[in-house]
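For reference, the structure discussed in these notes is given below.
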Amino acid sequence: MAIQSILKMGDPRLLRISRPVTEFGEGLQSLLRDMLDTMAAVDGAGLAAPQIGEDLRVVIFGSGKPNPRYPNAPIIEQTVLINPEVEVLDSSVETDWEGCLSVPGMRGSVPRFQKIRYRAQDANGLWFEREASGFHARVVQHECDHLDGILYPMRMPDMSQWGFVDALPKGVSGVAQLTGR
Ligand code: NI
């Protein structure tokens with residue numbers, strides 16, 4: 001196990017445009033292990049390499065299990081995306097509540113494209129693609145934004161819909177059962 005500390009909003013390293021991965025050797029495998037350990041330790045829905053200070057286009061999400069931070073979300077299988085590309089399949093947008101491990105204790109209402117196709121390399125460098133909608137599409141857009149230095153508050157059109165989990169009304173979607181993270 002190598003749990004890394006997660007950078008918080010305000011750290012300039014979260015604002016960089018990350019570099020493409022070109023080497024699929026032991027360095028990358030070690031980074032992936034650290035990311036998986038770190039995400040599991042904090043019940044993250046996803047994690048991007050810049051969040052642990054690595055300037056590389058690497059994202060992980062999903063655990064194949066229910067996530068206590070998003071109790072109403074569907075289960076997503078554990079996925080590694082290297083050098084991901086996101087294509088919008090439908091211009092319709094859905095607004096829902098999101099959190100981020102780099103913005104601890106808060107949730108905000110963020111518009112995201114409802115339906116996307118994403119293409120990426122896996123841990124061995126093989127390209128694959130998937131279509132996703134709803135929460136799955138939201139997670140991919142959120143994590144891939146990290147690779148371009150974008151945090152979810154930068155996508156919010158209405159800052160009144162942003163707050164601390166322990167202060168937001170309990171009826172707010174996805175917030176009711178949360179434990180403050
Ligand atoms: Ni995030």
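The chains in the structure tokens are called A, B, ... from first to last as shown; in each chain the residues are counted from 1, and the ligands are counted from 1 in the order shown.
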
Item checked: Expected answer as an MDAnalysis selection string: residues within 8 Å of ligand 1, only C-alpha atoms and all ligand atoms -> chainID A and resid 46:48 51 99:103 142:143 146 151:152

Residues as selected, N, CA and C atoms, written as a CSV table (one decimal), in the first residue's frame, can you do that?
```csv
chain,number,residue,atom,x,y,z
A,46,GLY,N,-13.5,8.6,-7.9
A,46,GLY,CA,-12.5,8.7,-9.0
A,46,GLY,C,-11.3,9.5,-8.5
A,47,LEU,N,-10.2,9.4,-9.2
A,47,LEU,CA,-9.0,10.1,-8.8
A,47,LEU,C,-8.2,10.4,-10.1
A,48,ALA,N,-7.6,11.5,-10.2
A,48,ALA,CA,-6.8,11.9,-11.4
A,48,ALA,C,-5.3,12.1,-10.8
A,51,GLN,N,-4.0,15.0,-8.8
A,51,GLN,CA,-4.5,15.2,-7.4
A,51,GLN,C,-3.5,14.6,-6.4
A,99,GLY,N,-18.9,16.2,-5.7
A,99,GLY,CA,-17.9,16.5,-4.8
A,99,GLY,C,-16.5,16.2,-5.5
A,100,CYS,N,-15.5,16.6,-4.7
A,100,CYS,CA,-14.1,16.3,-5.3
A,100,CYS,C,-13.2,16.1,-4.1
A,101,LEU,N,-12.3,15.1,-4.1
A,101,LEU,CA,-11.4,14.8,-3.0
A,101,LEU,C,-10.5,16.0,-2.8
A,102,SER,N,-10.3,16.9,-3.8
A,102,SER,CA,-9.5,18.1,-3.7
A,102,SER,C,-10.2,19.3,-3.1
A,103,VAL,N,-11.5,19.1,-3.0
A,103,VAL,CA,-12.4,20.2,-2.4
A,103,VAL,C,-13.2,19.5,-1.3
A,142,HIS,N,-15.6,14.8,-15.0
A,142,HIS,CA,-15.0,15.4,-13.8
A,142,HIS,C,-13.5,15.1,-13.8
A,143,GLU,N,-13.2,13.8,-13.9
A,143,GLU,CA,-11.8,13.3,-13.7
A,143,GLU,C,-11.0,13.8,-14.9
A,146,HIS,N,-9.7,17.3,-14.6
A,146,HIS,CA,-8.5,17.4,-13.7
A,146,HIS,C,-7.2,17.4,-14.6
A,151,LEU,N,-11.2,22.3,-12.0
A,151,LEU,CA,-11.9,21.8,-10.9
A,151,LEU,C,-13.4,22.1,-11.0
A,152,TYR,N,-14.2,21.3,-10.4
A,152,TYR,CA,-15.7,21.4,-10.6
A,152,TYR,C,-16.2,22.8,-10.4
```

Next item on the list: Taking the DSSP assignment computed from this structure's backbone, write out as a PyMOL selection string all residues of chain A that belong to strand (DSSP E).
Entry: chain A and resi 46-48+58-61+79-98+106-121+127-133+162-164

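Minimum atom-to-atom distances from A:Glu54, A:Ile60, A:Asn67, A:Arg16 to Ala120 of chain A were compared using only C-alpha atoms, and the lowest value belongs to A:Ile60.
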
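Atom CA of Asn124 of chain A sits 12.2 Å away from atom CA of Gly27 of chain A.
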
Item checked: Residue neighbourhood segment 154-166 of chain A, 6 Å, only C-alpha atoms, exclusion window fewer than 5 positions, as number ranges by chain -> A: 105-110, 180

Those residues with N, CA, C and O atoms, as a CSV table (one decimal), in the first residue's frame please?
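Output below, filename result17.csv:
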```
chain,number,residue,atom,x,y,z
A,105,GLY,N,-15.3,18.1,1.8
A,105,GLY,CA,-16.4,18.5,2.7
A,105,GLY,C,-17.4,19.4,1.9
A,105,GLY,O,-18.3,19.9,2.6
A,106,MET,N,-17.2,19.5,0.6
A,106,MET,CA,-18.2,20.4,-0.1
A,106,MET,C,-18.8,19.6,-1.3
A,106,MET,O,-18.3,18.6,-1.7
A,107,ARG,N,-20.0,20.2,-1.7
A,107,ARG,CA,-20.7,19.7,-2.9
A,107,ARG,C,-21.2,20.9,-3.6
A,107,ARG,O,-21.6,21.9,-3.0
A,108,GLY,N,-21.2,20.7,-5.0
A,108,GLY,CA,-21.7,21.8,-5.8
A,108,GLY,C,-22.6,21.2,-6.9
A,108,GLY,O,-22.4,20.0,-7.3
A,109,SER,N,-23.5,22.0,-7.4
A,109,SER,CA,-24.3,21.6,-8.5
A,109,SER,C,-23.7,22.0,-9.9
A,109,SER,O,-23.5,23.1,-10.1
A,110,VAL,N,-23.4,20.9,-10.7
A,110,VAL,CA,-22.5,21.1,-11.9
A,110,VAL,C,-23.2,20.6,-13.1
A,110,VAL,O,-23.7,19.4,-13.1
A,180,GLY,N,-20.0,13.7,5.6
A,180,GLY,CA,-19.2,14.9,5.8
A,180,GLY,C,-17.9,15.0,4.9
A,180,GLY,O,-17.2,15.9,4.9
```

Next item on the list: May I have the residues within 8 Å of Pro50 of chain A as a ChimeraX atom specification, using only C-alpha atoms and disregarding those fewer than 3 positions away in the same chain?
Entry: /A:13-14,18,53-56,146-147

Any chance you could export the current selection's N, CA, C and O atoms as a CSV table (one decimal), in the first residue's frame?
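This went into out.csv:
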```csv
chain,number,residue,atom,x,y,z
A,13,ARG,N,-0.4,23.0,-8.5
A,13,ARG,CA,-0.2,21.8,-9.3
A,13,ARG,C,-1.5,21.2,-9.8
A,13,ARG,O,-1.5,20.5,-10.8
A,14,LEU,N,-2.7,21.6,-9.2
A,14,LEU,CA,-4.0,21.2,-9.7
A,14,LEU,C,-4.4,21.9,-11.0
A,14,LEU,O,-5.4,21.6,-11.6
A,18,SER,N,-1.8,18.5,-17.9
A,18,SER,CA,-1.0,17.3,-17.6
A,18,SER,C,-0.4,16.8,-19.0
A,18,SER,O,-1.0,17.0,-20.0
A,53,GLY,N,-0.2,15.0,-7.3
A,53,GLY,CA,1.0,15.7,-7.7
A,53,GLY,C,1.7,15.2,-8.9
A,53,GLY,O,2.8,15.6,-9.2
A,54,GLU,N,1.1,14.2,-9.6
A,54,GLU,CA,1.7,13.6,-10.8
A,54,GLU,C,1.2,14.3,-12.1
A,54,GLU,O,0.0,14.2,-12.3
A,55,ASP,N,2.1,14.9,-12.8
A,55,ASP,CA,1.7,15.7,-14.0
A,55,ASP,C,1.5,14.7,-15.2
A,55,ASP,O,2.3,14.9,-16.2
A,56,LEU,N,0.6,13.8,-15.1
A,56,LEU,CA,0.4,12.9,-16.2
A,56,LEU,C,-1.1,12.6,-16.5
A,56,LEU,O,-1.9,12.7,-15.5
A,146,HIS,N,-9.7,17.3,-14.6
A,146,HIS,CA,-8.5,17.4,-13.7
A,146,HIS,C,-7.2,17.4,-14.6
A,146,HIS,O,-6.2,18.1,-14.2
A,147,LEU,N,-7.2,16.7,-15.7
A,147,LEU,CA,-6.0,16.6,-16.6
A,147,LEU,C,-5.8,17.9,-17.3
A,147,LEU,O,-4.7,18.2,-17.8
```

Check: Which residues in segment 10-78 of chain A does DSSP call alpha helix (DSSP H)? List them as a ChimeraX atom specification.
Finding: /A:26-41

Expected file: the selected residues, all heavy atoms, as a compact mmCIF listing (two decimals), in the first residue's frame:
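selection.txt was written with the following content:
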```txt
# COMPACT_ATOMS: atom_id res chain seq x y z
N GLU A 26 7.20 0.16 -15.43
CA GLU A 26 7.00 -0.01 -13.99
C GLU A 26 6.62 1.31 -13.30
O GLU A 26 5.86 1.31 -12.34
CB GLU A 26 8.27 -0.61 -13.36
CG GLU A 26 8.18 -0.88 -11.86
CD GLU A 26 6.89 -1.59 -11.43
OE1 GLU A 26 6.41 -2.48 -12.17
OE2 GLU A 26 6.35 -1.24 -10.36
N GLY A 27 7.14 2.42 -13.81
CA GLY A 27 6.79 3.72 -13.21
C GLY A 27 5.30 3.97 -13.26
O GLY A 27 4.69 4.41 -12.27
N LEU A 28 4.69 3.68 -14.40
CA LEU A 28 3.24 3.87 -14.54
C LEU A 28 2.48 2.89 -13.65
O LEU A 28 1.51 3.26 -12.99
CB LEU A 28 2.81 3.70 -16.00
CG LEU A 28 1.31 3.81 -16.24
CD1 LEU A 28 0.80 5.23 -15.95
CD2 LEU A 28 0.93 3.39 -17.66
N GLN A 29 2.94 1.62 -13.63
CA GLN A 29 2.23 0.62 -12.81
C GLN A 29 2.27 1.01 -11.33
O GLN A 29 1.30 0.83 -10.60
CB GLN A 29 2.82 -0.79 -13.01
CG GLN A 29 2.94 -1.23 -14.49
CD GLN A 29 1.68 -1.02 -15.32
OE1 GLN A 29 0.56 -1.24 -14.85
NE2 GLN A 29 1.83 -0.58 -16.56
N SER A 30 3.40 1.55 -10.90
CA SER A 30 3.54 1.98 -9.52
C SER A 30 2.62 3.17 -9.22
O SER A 30 1.96 3.23 -8.17
CB SER A 30 5.02 2.32 -9.29
OG SER A 30 5.18 3.03 -8.11
N LEU A 31 2.54 4.11 -10.17
CA LEU A 31 1.61 5.24 -10.02
C LEU A 31 0.17 4.73 -9.91
O LEU A 31 -0.60 5.19 -9.05
CB LEU A 31 1.75 6.20 -11.21
CG LEU A 31 0.68 7.31 -11.31
CD1 LEU A 31 0.73 8.24 -10.11
CD2 LEU A 31 0.83 8.10 -12.61
N LEU A 32 -0.20 3.76 -10.76
CA LEU A 32 -1.57 3.24 -10.73
C LEU A 32 -1.87 2.56 -9.39
O LEU A 32 -2.96 2.73 -8.84
CB LEU A 32 -1.79 2.26 -11.90
CG LEU A 32 -1.89 2.92 -13.27
CD1 LEU A 32 -1.88 1.86 -14.37
CD2 LEU A 32 -3.14 3.80 -13.39
N ARG A 33 -0.90 1.83 -8.87
CA ARG A 33 -1.12 1.19 -7.56
C ARG A 33 -1.34 2.25 -6.48
O ARG A 33 -2.25 2.13 -5.65
CB ARG A 33 0.07 0.28 -7.20
CG ARG A 33 0.05 -1.07 -7.91
CD ARG A 33 1.04 -2.06 -7.26
NE ARG A 33 2.42 -1.60 -7.36
CZ ARG A 33 3.22 -1.83 -8.42
NH1 ARG A 33 2.77 -2.52 -9.46
NH2 ARG A 33 4.46 -1.38 -8.43
N ASP A 34 -0.51 3.28 -6.50
CA ASP A 34 -0.67 4.36 -5.51
C ASP A 34 -2.05 5.02 -5.65
O ASP A 34 -2.70 5.33 -4.66
CB ASP A 34 0.40 5.43 -5.70
CG ASP A 34 1.76 5.00 -5.18
OD1 ASP A 34 1.87 3.86 -4.67
OD2 ASP A 34 2.71 5.79 -5.29
N MET A 35 -2.45 5.25 -6.90
CA MET A 35 -3.75 5.91 -7.11
C MET A 35 -4.90 5.04 -6.62
O MET A 35 -5.83 5.53 -5.97
CB MET A 35 -3.93 6.27 -8.59
CG MET A 35 -3.03 7.42 -9.04
SD MET A 35 -3.16 7.77 -10.82
CE MET A 35 -4.85 8.40 -10.92
N LEU A 36 -4.84 3.73 -6.91
CA LEU A 36 -5.91 2.83 -6.48
C LEU A 36 -5.95 2.74 -4.95
O LEU A 36 -7.03 2.78 -4.35
CB LEU A 36 -5.72 1.44 -7.11
CG LEU A 36 -5.99 1.40 -8.62
CD1 LEU A 36 -5.41 0.12 -9.24
CD2 LEU A 36 -7.48 1.50 -8.92
N ASP A 37 -4.79 2.65 -4.32
CA ASP A 37 -4.74 2.59 -2.85
C ASP A 37 -5.29 3.88 -2.24
O ASP A 37 -6.03 3.86 -1.26
CB ASP A 37 -3.28 2.41 -2.37
CG ASP A 37 -2.74 1.01 -2.67
OD1 ASP A 37 -3.55 0.12 -3.01
OD2 ASP A 37 -1.51 0.84 -2.58
N THR A 38 -4.91 5.01 -2.84
CA THR A 38 -5.33 6.31 -2.31
C THR A 38 -6.84 6.49 -2.47
O THR A 38 -7.53 6.90 -1.52
CB THR A 38 -4.56 7.44 -3.03
OG1 THR A 38 -3.16 7.21 -2.86
CG2 THR A 38 -4.93 8.80 -2.45
N MET A 39 -7.36 6.14 -3.65
CA MET A 39 -8.80 6.30 -3.88
C MET A 39 -9.59 5.40 -2.93
O MET A 39 -10.60 5.82 -2.36
CB MET A 39 -9.15 5.98 -5.35
CG MET A 39 -10.62 6.18 -5.66
SD MET A 39 -11.03 5.93 -7.41
CE MET A 39 -11.06 4.15 -7.50
N ALA A 40 -9.12 4.16 -2.76
CA ALA A 40 -9.84 3.23 -1.88
C ALA A 40 -9.82 3.72 -0.43
O ALA A 40 -10.82 3.59 0.29
CB ALA A 40 -9.21 1.84 -1.97
N ALA A 41 -8.72 4.31 -0.01
CA ALA A 41 -8.58 4.72 1.39
C ALA A 41 -9.56 5.82 1.76
O ALA A 41 -9.90 5.98 2.94
CB ALA A 41 -7.15 5.19 1.65
```

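Picture a line from atom CA of Phe24 of chain A to atom CA of Gly44 of chain A; it runs 24.3 Å.
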
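Shortest atom-to-atom contact with Val93 of chain A among A:Ser133, A:Arg57, A:Trp127, A:Thr79: A:Ser133, counting only C-alpha atoms.
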
Next item on the list: Excluding Glu129 of chain A and residues on its chain fewer than 5 positions from it, collect all residues at most 12 Å away from it, counting only C-alpha atoms, and give them as an NGL selection string.
Entry: :A and (79-87 or 116-122)

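With only C-alpha atoms as the basis for measurement, A:Ile75 is the residue among A:Thr22, A:Ile75, A:Asp90, A:Gly125 that approaches Phe61 of chain A most closely.
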
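Atom pair atom CA of Ala132 of chain A / atom CA of Pro74 of chain A has a distance of 12.0 Å (rounded to one decimal).
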
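The nearest approach to Cys144 of chain A among the residues A:Ala167, A:Ile17, A:Leu126, A:Gly64, with only C-alpha atoms taken into account, belongs to A:Ile17.
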